[in-house]
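**Student:** Got a file for you: target34.cif, mmCIF, C-alpha atoms (C1' of nucleotides).
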data_run
loop_
_atom_site.label_atom_id
_atom_site.label_comp_id
_atom_site.auth_asym_id
_atom_site.auth_seq_id
_atom_site.Cartn_x
_atom_site.Cartn_y
_atom_site.Cartn_z
CA MET A 9 -75.11 68.41 -39.18
CA GLU A 10 -73.70 65.03 -40.23
CA ARG A 11 -71.15 66.49 -42.56
CA THR A 12 -69.18 64.36 -44.97
CA GLU A 13 -66.55 63.76 -42.37
CA GLN A 14 -64.56 60.84 -41.11
CA GLY A 15 -67.02 58.90 -38.98
CA VAL A 16 -70.66 59.20 -38.06
CA ASP A 17 -71.71 62.04 -35.82
CA LEU A 18 -73.81 60.09 -33.35
CA PRO A 19 -75.83 62.91 -31.77
CA THR A 20 -77.27 63.91 -35.15
CA SER A 21 -77.27 60.59 -36.95
CA VAL A 22 -80.78 59.56 -37.95
CA GLY A 23 -79.79 55.92 -37.55
CA TYR A 24 -78.66 56.48 -33.99
CA LEU A 25 -81.74 58.54 -33.24
CA LEU A 26 -83.88 55.74 -34.60
CA LYS A 27 -82.19 53.31 -32.25
CA GLU A 28 -82.63 55.68 -29.33
CA VAL A 29 -86.35 56.09 -29.89
CA ALA A 30 -86.91 52.40 -30.57
CA THR A 31 -85.03 51.49 -27.38
CA ALA A 32 -86.90 54.03 -25.27
CA LEU A 33 -90.20 52.85 -26.69
CA ARG A 34 -89.42 49.23 -25.93
CA ALA A 35 -88.31 50.11 -22.40
CA GLU A 36 -91.57 51.93 -21.78
CA MET A 37 -93.54 49.00 -23.16
CA GLU A 38 -91.68 46.65 -20.84
CA ARG A 39 -92.41 48.94 -17.93
CA VAL A 40 -96.18 49.02 -18.45
CA LEU A 41 -96.39 45.34 -19.40
CA ARG A 42 -94.45 44.08 -16.38
CA PRO A 43 -97.36 44.54 -13.94
CA LEU A 44 -99.43 42.44 -16.35
CA SER A 45 -96.83 39.66 -16.24
CA MET A 46 -96.30 40.00 -19.95
CA THR A 47 -93.20 40.62 -22.02
CA VAL A 48 -93.02 42.76 -25.15
CA THR A 49 -92.44 39.66 -27.22
CA HIS A 50 -95.48 37.90 -25.80
CA TYR A 51 -97.60 40.96 -26.35
CA SER A 52 -96.39 41.41 -29.93
CA CYS A 53 -97.21 37.83 -30.75
CA LEU A 54 -100.72 38.05 -29.32
CA GLU A 55 -101.42 41.38 -30.99
CA LEU A 56 -100.35 40.04 -34.34
CA LEU A 57 -102.29 36.84 -33.84
CA ALA A 58 -105.45 38.75 -33.00
CA GLN A 59 -105.21 40.51 -36.34
CA ARG A 60 -104.22 37.42 -38.30
CA PRO A 61 -106.13 34.51 -36.79
CA GLY A 62 -104.82 31.14 -37.86
CA ALA A 63 -101.40 32.47 -38.79
CA SER A 64 -98.51 30.01 -38.84
CA SER A 65 -95.53 30.10 -36.54
CA SER A 66 -93.31 31.34 -39.34
CA GLN A 67 -95.70 34.11 -40.26
CA LEU A 68 -95.84 35.26 -36.66
CA ALA A 69 -92.06 35.14 -36.51
CA ARG A 70 -91.69 37.46 -39.48
CA GLY A 71 -94.27 39.85 -38.07
CA THR A 72 -92.55 40.09 -34.72
CA PHE A 73 -88.97 40.29 -36.04
CA VAL A 74 -87.65 37.07 -34.55
CA THR A 75 -86.63 33.77 -36.09
CA ARG A 76 -89.16 30.99 -36.48
CA GLN A 77 -87.14 28.96 -33.99
CA SER A 78 -87.62 31.64 -31.36
CA MET A 79 -91.31 31.87 -32.16
CA HIS A 80 -91.51 28.14 -31.74
CA VAL A 81 -90.40 28.25 -28.11
CA LEU A 82 -92.44 31.39 -27.48
CA LEU A 83 -95.59 29.65 -28.68
CA GLN A 84 -94.88 26.72 -26.38
CA THR A 85 -94.93 29.15 -23.46
CA LEU A 86 -98.06 30.92 -24.66
CA GLU A 87 -99.80 27.59 -25.16
CA ARG A 88 -98.82 26.39 -21.71
CA GLU A 89 -100.29 29.59 -20.27
CA GLY A 90 -103.48 29.05 -22.23
CA HIS A 91 -103.19 32.18 -24.34
CA VAL A 92 -103.03 30.41 -27.69
CA VAL A 93 -103.96 27.07 -29.20
CA ARG A 94 -102.02 25.28 -31.90
CA ALA A 95 -103.66 22.94 -34.37
CA THR A 96 -102.41 19.39 -33.94
CA GLU A 97 -102.12 18.79 -37.64
CA PRO A 98 -101.34 20.95 -40.68
CA GLY A 99 -104.17 22.99 -42.13
CA GLY A 100 -102.99 22.67 -45.71
CA GLY A 101 -99.29 22.64 -46.40
CA ARG A 102 -97.02 22.15 -43.41
CA ALA A 103 -98.21 25.23 -41.58
CA MET A 104 -99.83 24.67 -38.19
CA PRO A 105 -102.49 27.36 -37.67
CA VAL A 106 -102.35 29.13 -34.33
CA GLU A 107 -105.37 30.68 -32.67
CA ILE A 108 -105.67 33.08 -29.77
CA THR A 109 -107.91 31.89 -26.94
CA ALA A 110 -110.58 33.83 -25.09
CA GLU A 111 -108.23 34.10 -22.15
CA GLY A 112 -105.53 35.35 -24.52
CA ARG A 113 -107.87 38.01 -25.84
CA ARG A 114 -108.70 39.18 -22.34
CA ARG A 115 -105.04 39.52 -21.46
CA LEU A 116 -104.34 41.18 -24.79
CA ALA A 117 -107.08 43.76 -24.34
CA VAL A 118 -105.47 45.04 -21.15
CA ALA A 119 -101.96 44.91 -22.56
CA SER A 120 -102.99 46.59 -25.77
CA ALA A 121 -104.52 49.49 -23.90
CA ALA A 122 -101.32 49.94 -21.93
CA VAL A 123 -99.18 49.88 -25.05
CA ARG A 124 -101.45 52.29 -26.84
CA SER A 125 -101.08 54.73 -23.97
CA VAL A 126 -97.30 54.55 -24.34
CA GLU A 127 -97.44 55.16 -28.06
CA ALA A 128 -99.88 58.00 -27.51
CA ARG A 129 -97.48 59.59 -25.06
CA MET A 130 -94.64 59.26 -27.54
CA LEU A 131 -96.74 61.01 -30.18
CA ASP A 132 -98.08 63.57 -27.73
CA GLY A 133 -98.28 67.01 -29.26
CA LEU A 134 -97.26 65.94 -32.71
CA GLY A 135 -100.69 66.61 -34.22
CA ASP A 136 -100.64 66.44 -37.99
CA ASP A 137 -96.93 65.82 -37.87
CA GLU A 138 -97.73 62.26 -36.85
CA ALA A 139 -98.83 61.56 -40.40
CA THR A 140 -95.65 63.20 -41.66
CA LEU A 141 -93.53 61.03 -39.40
CA ARG A 142 -95.34 57.90 -40.55
CA ALA A 143 -94.85 58.82 -44.18
CA LEU A 144 -91.14 59.53 -43.71
CA LEU A 145 -90.57 56.26 -41.88
CA GLN A 146 -92.35 54.40 -44.66
CA ARG A 147 -90.04 56.01 -47.18
CA CYS A 148 -87.02 54.94 -45.13
CA ARG A 149 -88.34 51.40 -44.98
CA ALA A 150 -88.85 51.34 -48.72
CA SER A 151 -85.37 52.72 -49.41
CA LEU A 152 -83.74 50.11 -47.20
CA ARG A 153 -85.58 47.28 -48.88
CA GLY A 154 -84.60 48.31 -52.38
CA MET B 11 -105.73 55.21 -39.58
CA GLU B 12 -105.09 53.91 -36.08
CA ARG B 13 -108.59 54.64 -34.89
CA THR B 14 -109.54 54.46 -31.25
CA GLU B 15 -110.37 50.81 -31.60
CA GLN B 16 -109.76 47.67 -29.62
CA GLY B 17 -106.12 46.86 -30.28
CA VAL B 18 -103.30 48.43 -32.19
CA ASP B 19 -103.47 48.50 -35.95
CA LEU B 20 -100.01 47.20 -36.75
CA PRO B 21 -99.65 48.32 -40.38
CA THR B 22 -100.17 51.96 -39.45
CA SER B 23 -98.78 52.02 -35.92
CA VAL B 24 -95.85 54.40 -35.63
CA GLY B 25 -94.34 52.16 -32.98
CA TYR B 26 -94.44 49.15 -35.25
CA LEU B 27 -93.10 51.19 -38.15
CA LEU B 28 -90.27 52.36 -35.94
CA LYS B 29 -89.41 48.77 -35.14
CA GLU B 30 -89.57 47.80 -38.80
CA VAL B 31 -87.17 50.53 -39.89
CA ALA B 32 -84.80 49.95 -36.99
CA THR B 33 -84.72 46.23 -37.75
CA ALA B 34 -84.15 46.75 -41.46
CA LEU B 35 -81.39 49.26 -40.72
CA ARG B 36 -79.65 46.89 -38.35
CA ALA B 37 -79.91 44.03 -40.85
CA GLU B 38 -78.31 46.18 -43.54
CA MET B 39 -75.56 47.22 -41.17
CA GLU B 40 -74.86 43.58 -40.36
CA ARG B 41 -74.74 42.78 -44.04
CA VAL B 42 -72.11 45.41 -44.91
CA LEU B 43 -70.13 44.84 -41.72
CA ARG B 44 -69.90 41.08 -42.12
CA PRO B 45 -67.22 41.19 -44.87
CA LEU B 46 -65.19 43.35 -42.47
CA SER B 47 -65.48 40.69 -39.76
CA MET B 48 -67.21 43.18 -37.52
CA THR B 49 -70.54 43.06 -35.72
CA VAL B 50 -72.89 45.98 -35.25
CA THR B 51 -72.14 45.98 -31.54
CA HIS B 52 -68.39 46.10 -32.09
CA TYR B 53 -68.77 48.89 -34.60
CA SER B 54 -71.05 50.90 -32.31
CA CYS B 55 -68.59 50.63 -29.47
CA LEU B 56 -65.65 51.77 -31.59
CA GLU B 57 -67.60 54.62 -33.14
CA LEU B 58 -68.67 55.89 -29.76
CA LEU B 59 -65.17 55.48 -28.37
CA ALA B 60 -63.67 57.47 -31.23
CA GLN B 61 -65.91 60.37 -30.32
CA ARG B 62 -65.49 60.04 -26.56
CA PRO B 63 -61.87 59.03 -25.97
CA GLY B 64 -61.21 57.78 -22.48
CA ALA B 65 -64.83 56.89 -21.84
CA SER B 66 -65.58 54.31 -19.18
CA SER B 67 -67.12 50.92 -19.77
CA SER B 68 -70.40 52.06 -18.25
CA GLN B 69 -70.54 55.17 -20.40
CA LEU B 70 -69.94 53.10 -23.51
CA ALA B 71 -72.66 50.70 -22.38
CA ARG B 72 -75.22 53.46 -22.08
CA GLY B 73 -74.26 54.86 -25.46
CA THR B 74 -74.64 51.54 -27.20
CA PHE B 75 -77.82 50.45 -25.42
CA VAL B 76 -76.46 47.40 -23.63
CA THR B 77 -75.76 46.67 -19.96
CA ARG B 78 -72.36 47.42 -18.50
CA GLN B 79 -71.88 43.68 -17.99
CA SER B 80 -72.29 43.06 -21.71
CA MET B 81 -69.93 45.92 -22.52
CA HIS B 82 -67.45 44.38 -20.13
CA VAL B 83 -67.15 41.16 -22.13
CA LEU B 84 -67.30 43.07 -25.40
CA LEU B 85 -64.32 45.17 -24.37
CA GLN B 86 -62.39 42.03 -23.50
CA THR B 87 -62.87 40.87 -27.07
CA LEU B 88 -61.95 44.24 -28.55
CA GLU B 89 -58.87 44.40 -26.37
CA ARG B 90 -57.79 40.91 -27.36
CA GLU B 91 -58.13 41.93 -31.01
CA GLY B 92 -56.06 45.03 -30.38
CA HIS B 93 -58.78 47.52 -31.18
CA VAL B 94 -58.91 49.16 -27.79
CA VAL B 95 -56.73 49.57 -24.72
CA ARG B 96 -57.97 49.69 -21.15
CA ALA B 97 -56.18 51.58 -18.42
CA THR B 98 -54.87 49.23 -15.74
CA GLU B 99 -55.92 51.48 -12.90
CA PRO B 100 -58.73 53.97 -12.32
CA GLY B 101 -58.30 57.46 -13.71
CA GLY B 102 -60.15 59.18 -10.91
CA GLY B 103 -63.08 57.43 -9.31
CA ARG B 104 -63.51 53.78 -10.16
CA ALA B 105 -63.85 54.34 -13.90
CA MET B 106 -61.24 52.68 -16.10
CA PRO B 107 -60.67 54.87 -19.17
CA VAL B 108 -60.77 53.05 -22.50
CA GLU B 109 -58.90 54.24 -25.58
CA ILE B 110 -59.17 53.23 -29.21
CA THR B 111 -55.92 52.08 -30.80
CA ALA B 112 -54.48 53.05 -34.18
CA GLU B 113 -55.49 49.64 -35.48
CA GLY B 114 -58.98 50.21 -34.10
CA ARG B 115 -59.20 53.52 -35.89
CA ARG B 116 -58.17 51.95 -39.16
CA ARG B 117 -60.82 49.27 -38.86
CA LEU B 118 -63.36 51.84 -37.77
CA ALA B 119 -62.69 54.08 -40.74
CA VAL B 120 -63.64 51.33 -43.16
CA ALA B 121 -66.64 50.21 -41.12
CA SER B 122 -67.84 53.75 -40.64
CA ALA B 123 -67.81 54.40 -44.36
CA ALA B 124 -69.86 51.26 -44.95
CA VAL B 125 -72.40 52.22 -42.31
CA ARG B 126 -72.66 55.76 -43.62
CA SER B 127 -73.46 54.40 -47.05
CA VAL B 128 -76.31 52.37 -45.56
CA GLU B 129 -77.72 55.35 -43.72
CA ALA B 130 -77.35 57.45 -46.86
CA ARG B 131 -79.33 54.89 -48.79
CA MET B 132 -82.05 54.88 -46.16
CA LEU B 133 -82.29 58.65 -46.40
CA ASP B 134 -82.01 58.64 -50.17
CA GLY B 135 -84.33 61.16 -51.76
CA LEU B 136 -85.52 62.65 -48.52
CA GLY B 137 -83.78 65.97 -49.10
CA ASP B 138 -84.88 68.60 -46.63
CA ASP B 139 -87.28 66.10 -45.11
CA GLU B 140 -84.30 64.50 -43.43
CA ALA B 141 -84.14 67.43 -41.05
CA THR B 142 -87.87 67.10 -40.46
CA LEU B 143 -87.52 63.42 -39.68
CA ARG B 144 -84.68 64.11 -37.27
CA ALA B 145 -86.70 66.79 -35.51
CA LEU B 146 -89.75 64.55 -35.19
CA LEU B 147 -87.71 61.67 -33.80
CA GLN B 148 -86.14 64.00 -31.27
CA ARG B 149 -89.58 65.07 -30.16
CA CYS B 150 -90.61 61.44 -29.75
CA ARG B 151 -87.51 60.77 -27.71
CA ALA B 152 -88.22 63.74 -25.46
CA SER B 153 -91.85 62.73 -24.97
CA LEU B 154 -90.90 59.20 -23.98
CA ARG B 155 -88.37 60.40 -21.45
CA GLY B 156 -90.77 62.72 -19.68
"C1'" DC C 13 -66.06 62.81 11.37
"C1'" DG C 14 -69.56 59.10 10.06
"C1'" DC C 15 -73.30 57.79 7.20
"C1'" DC C 16 -75.75 57.21 3.15
"C1'" DG C 17 -76.65 57.30 -1.76
"C1'" DC C 18 -74.82 56.55 -6.23
"C1'" DA C 19 -71.94 55.00 -10.01
"C1'" DT C 20 -68.63 51.79 -11.35
"C1'" DG C 21 -66.16 47.19 -12.13
"C1'" DT C 22 -66.57 42.48 -11.87
"C1'" DC C 23 -68.10 37.64 -11.11
"C1'" DA C 24 -71.60 34.04 -11.60
"C1'" DG C 25 -75.65 32.10 -13.34
"C1'" DT C 26 -79.71 32.15 -16.25
"C1'" DC C 27 -82.33 33.17 -20.17
"C1'" DT C 28 -83.33 34.44 -24.64
"C1'" DT C 29 -82.26 34.35 -29.27
"C1'" DC C 30 -79.74 32.93 -32.96
"C1'" DT C 31 -77.21 29.69 -36.28
"C1'" DG C 32 -77.00 25.20 -38.30
"C1'" DA C 33 -79.13 21.17 -39.73
"C1'" DC C 34 -82.59 17.95 -41.29
"C1'" DA C 35 -87.25 16.24 -42.64
"C1'" DT C 36 -91.72 17.15 -44.61
"C1'" DG C 37 -95.10 18.97 -47.76
"C1'" DA C 38 -96.73 22.20 -51.57
"C1'" DG C 39 -96.09 24.19 -56.10
"C1'" DC C 40 -94.09 24.35 -60.54
"C1'" DA C 41 -91.81 22.83 -64.67
"C1'" DA C 42 -89.59 19.59 -67.69
"C1'" DT D 20 -94.27 11.25 -63.13
"C1'" DT D 21 -89.86 13.07 -61.58
"C1'" DG D 22 -87.10 16.59 -59.95
"C1'" DC D 23 -86.29 21.16 -58.23
"C1'" DT D 24 -87.35 24.95 -55.29
"C1'" DC D 25 -89.33 27.02 -51.48
"C1'" DA D 26 -91.60 27.45 -47.02
"C1'" DT D 27 -92.38 25.28 -42.84
"C1'" DG D 28 -91.65 22.65 -38.34
"C1'" DT D 29 -88.45 20.95 -35.28
"C1'" DC D 30 -84.25 19.59 -32.77
"C1'" DA D 31 -79.65 20.59 -30.96
"C1'" DG D 32 -75.92 23.51 -29.83
"C1'" DA D 33 -73.67 28.05 -29.50
"C1'" DA D 34 -73.56 32.85 -28.75
"C1'" DG D 35 -75.09 36.92 -26.88
"C1'" DA D 36 -77.35 39.60 -23.46
"C1'" DC D 37 -79.45 40.08 -19.17
"C1'" DT D 38 -80.41 39.77 -13.95
"C1'" DG D 39 -78.53 39.37 -9.43
"C1'" DA D 40 -74.97 40.16 -6.32
"C1'" DC D 41 -70.99 42.14 -4.12
"C1'" DA D 42 -66.94 45.26 -3.46
"C1'" DT D 43 -64.95 49.71 -4.24
"C1'" DG D 44 -64.55 54.69 -4.61
"C1'" DC D 45 -66.64 59.42 -4.76
"C1'" DG D 46 -69.67 62.99 -3.01
"C1'" DG D 47 -73.08 65.18 -0.14
"C1'" DC D 48 -75.16 65.87 4.37
"C1'" DG D 49 -76.14 65.59 9.18
#
Would you give me this structure, written as structure tokens?

**Tutor:**
Amino acid sequence: MERTEQGVDLPTSVGYLLKEVATALRAEMERVLRPLSMTVTHYSCLELLAQRPGASSSQLARGTFVTRQSMHVLLQTLEREGHVVRATEPGGGRAMPVEITAEGRRRLAVASAAVRSVEARMLDGLGDDEATLRALLQRCRASLRG
Amino acid sequence: MERTEQGVDLPTSVGYLLKEVATALRAEMERVLRPLSMTVTHYSCLELLAQRPGASSSQLARGTFVTRQSMHVLLQTLEREGHVVRATEPGGGRAMPVEITAEGRRRLAVASAAVRSVEARMLDGLGDDEATLRALLQRCRASLRG
DNA sequence: CGCCGCATGTCAGTCTTCTGACATGAGCAA
DNA sequence: TTGCTCATGTCAGAAGACTGACATGCGGCG
């Protein structure tokens, strides 16, 4: 019951539970993405890029919860594999717009379907409670930011 | 609305939201733990150890979501700092029981209070919905494991 | 008994990510 | 204009975590 005791009661701590679910979700994503020769990080980057074409490296970094330095090396890999294309010169400001290629979109379509199936399984049987869960998580996010 | 479309709609995806909240929570934990010269990983290990005295390195690893190899080096650090003590020989089986020291408990008490305040802030204003959130997360965890 | 599977501890190497630092370019205000 | 601030790109090094591998000890089963 998470009483006001000395220490956090792990089994009932919402924070710990959050970590458990997030870890399990990531593990499942890795499992279904492995046969596609794609990591969760690669997938996340492509998914975000498909929704925000021309985004900069820094913007992609923020959206995928890594540093811009990490995104920098990740994009080098994705470019080498032909999944994305980086502009050779700034498109206004210092930002270098990144675009997903046709090949990238093909790979993403398969990966995205796999990931959606995982998320669907996680939410299986929740019904209307899915909206409740989403709303509660959004409130948590807002509280943490304040 | 996360329609059955091509691709995952990030802003409304429960999976993405989960990652956002988990990341924000971890960042806040790091922020309050930093003045105590303690990392989230160190704290997690001590917290778990306080609740499961005599746990093995592998058990601690599973409970903190890292590999047993990582826990191995982490315990070396914690032992060097005098926060834990490792048995010199197996206590039945190959497992080497680990114990938290008095110094470790003192450090943990302060850290635990800080972390609880972060979690409390995240859950601020949720009221009875906290139990709902916990129940929904537990259902997600169960669905992913199946 | 002997064999096999399984969990654990540990060593070595690799890989990913992060921190720190610096330069560049845009925007804003004095 | 000049100067300040901020975001961005990039390079280099350090830290953390992981994968792979091997040895050891327990337990079940033929």

**Student:** To one decimal in Å, tell me the separation between atom CA of A:Arg142 and atom CA of B:Ala34.

**Tutor:**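 Separation between atom CA of A:Arg142 and atom CA of B:Ala34: 15.8 Å.
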
**Student:** To one decimal place in Å, what is the distance between atom CA of A:Ala143 and atom CA of B:Leu147?

**Tutor:**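 Rounded to one decimal, the two atoms are 12.9 Å apart.
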
**Student:** Any chance you could resolve the PyMOL selection byres ((chain B) within 9 of (chain C)) against this file and give the residues as an NGL selection string?

**Tutor:** :B and (66-68 or 78-79 or 82 or 103-106)

**Student:** Would you mind telling me which residue in A:Pro105, A:Gly133, A:Gly99, A:Gly62 lies nearest to chain B when using all atoms listed in the file?

**Tutor:** A:Gly133

**Student:** For chain D, which residue out of A:Thr109, A:Thr85, A:Ser78, A:Ser125 is the nearest one, using all atoms listed in the file?

**Tutor:**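 Comparing A:Thr109, A:Thr85, A:Ser78, A:Ser125 against chain D, the winner is A:Ser78.
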
**Student:** For a quick check of understanding, using only C-alpha atoms, which of B:Leu43, B:Ser122, B:Gly102, B:Asp138 has the smallest distance to chain A?

**Tutor:**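 Counting only C-alpha atoms, the residue closest to chain A is B:Ser122.
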
**Student:** Can you measure atom CA of B:Arg149 to atom CA of A:Met130 for me? One decimal in Å is fine.

**Tutor:** 8.1 Å

**Student:** Based on only C-alpha atoms (C1' of nucleotides), which of the residues in chain D come within 10 Å of chain A? I want them as a VMD selection string.

**Tutor:** chain D and resid 26 to 30

**Student:** Convert the output of the PyMOL selection byres ((chain B) within 8 of (chain A)) on the shown file into explicit residues, formatted as a ChimeraX atom specification.

**Tutor:** /B:16-18,20,22,24-25,27-35,38,57-58,75,119,122-123,126,128-129,131-134,139,143-144,146-148,150-151,153-155

**Student:** Going by the chain IDs and residue numbers used in this file, which residues fall under the PyMOL selection byres ((chain B and resi 93) around 10)? Write them as a PyMOL selection string.

**Tutor:** chain B and resi 52+56+85+87-92+94-95+109-118

**Student:** Listed atoms of stretch 95-100 of chain B, axis-aligned box, 5 Å per side: centre and edge lengths to one decimal in Å, as lines of an AutoDock Vina configuration file?

**Tutor:**
center_x = -56.8
center_y = 51.6
center_z = -18.5
size_x = 13.9
size_y = 14.7
size_z = 22.4

**Student:** Please return stretch 125-138 of chain A, rebuilt to N, CA and C atoms, as a PDB file, in the coordinates of the input.

**Tutor:**
ATOM      1  N   SER A 125    -101.300  53.517 -24.760  1.00  0.00           N
ATOM      2  CA  SER A 125    -101.080  54.730 -23.970  1.00  0.00           C
ATOM      3  C   SER A 125     -99.625  55.183 -24.090  1.00  0.00           C
ATOM      4  N   VAL A 126     -98.716  54.208 -24.182  1.00  0.00           N
ATOM      5  CA  VAL A 126     -97.300  54.550 -24.340  1.00  0.00           C
ATOM      6  C   VAL A 126     -97.068  55.214 -25.695  1.00  0.00           C
ATOM      7  N   GLU A 127     -97.620  54.597 -26.721  1.00  0.00           N
ATOM      8  CA  GLU A 127     -97.440  55.160 -28.060  1.00  0.00           C
ATOM      9  C   GLU A 127     -98.072  56.546 -28.152  1.00  0.00           C
ATOM     10  N   ALA A 128     -99.212  56.703 -27.495  1.00  0.00           N
ATOM     11  CA  ALA A 128     -99.880  58.000 -27.510  1.00  0.00           C
ATOM     12  C   ALA A 128     -99.004  59.058 -26.834  1.00  0.00           C
ATOM     13  N   ARG A 129     -98.343  58.648 -25.769  1.00  0.00           N
ATOM     14  CA  ARG A 129     -97.480  59.590 -25.060  1.00  0.00           C
ATOM     15  C   ARG A 129     -96.283  59.979 -25.927  1.00  0.00           C
ATOM     16  N   MET A 130     -95.761  58.984 -26.646  1.00  0.00           N
ATOM     17  CA  MET A 130     -94.640  59.260 -27.540  1.00  0.00           C
ATOM     18  C   MET A 130     -95.031  60.272 -28.608  1.00  0.00           C
ATOM     19  N   LEU A 131     -96.268  60.162 -29.086  1.00  0.00           N
ATOM     20  CA  LEU A 131     -96.740  61.010 -30.180  1.00  0.00           C
ATOM     21  C   LEU A 131     -97.414  62.276 -29.669  1.00  0.00           C
ATOM     22  N   ASP A 132     -97.374  62.449 -28.350  1.00  0.00           N
ATOM     23  CA  ASP A 132     -98.080  63.570 -27.730  1.00  0.00           C
ATOM     24  C   ASP A 132     -97.629  64.899 -28.307  1.00  0.00           C
ATOM     25  N   GLY A 133     -98.581  65.674 -28.766  1.00  0.00           N
ATOM     26  CA  GLY A 133     -98.280  67.010 -29.260  1.00  0.00           C
ATOM     27  C   GLY A 133     -97.790  67.073 -30.682  1.00  0.00           C
ATOM     28  N   LEU A 134     -97.739  65.937 -31.334  1.00  0.00           N
ATOM     29  CA  LEU A 134     -97.260  65.940 -32.710  1.00  0.00           C
ATOM     30  C   LEU A 134     -98.338  66.420 -33.689  1.00  0.00           C
ATOM     31  N   GLY A 135     -99.587  66.152 -33.359  1.00  0.00           N
ATOM     32  CA  GLY A 135    -100.690  66.610 -34.220  1.00  0.00           C
ATOM     33  C   GLY A 135    -100.581  66.036 -35.613  1.00  0.00           C
ATOM     34  N   ASP A 136    -100.698  66.896 -36.601  1.00  0.00           N
ATOM     35  CA  ASP A 136    -100.640  66.440 -37.990  1.00  0.00           C
ATOM     36  C   ASP A 136     -99.271  65.898 -38.360  1.00  0.00           C
ATOM     37  N   ASP A 137     -98.280  66.294 -37.573  1.00  0.00           N
ATOM     38  CA  ASP A 137     -96.930  65.820 -37.870  1.00  0.00           C
ATOM     39  C   ASP A 137     -96.805  64.309 -37.706  1.00  0.00           C
ATOM     40  N   GLU A 138     -97.766  63.708 -37.007  1.00  0.00           N
ATOM     41  CA  GLU A 138     -97.730  62.260 -36.850  1.00  0.00           C
ATOM     42  C   GLU A 138     -97.826  61.595 -38.210  1.00  0.00           C
TER      43      GLU A 138
END
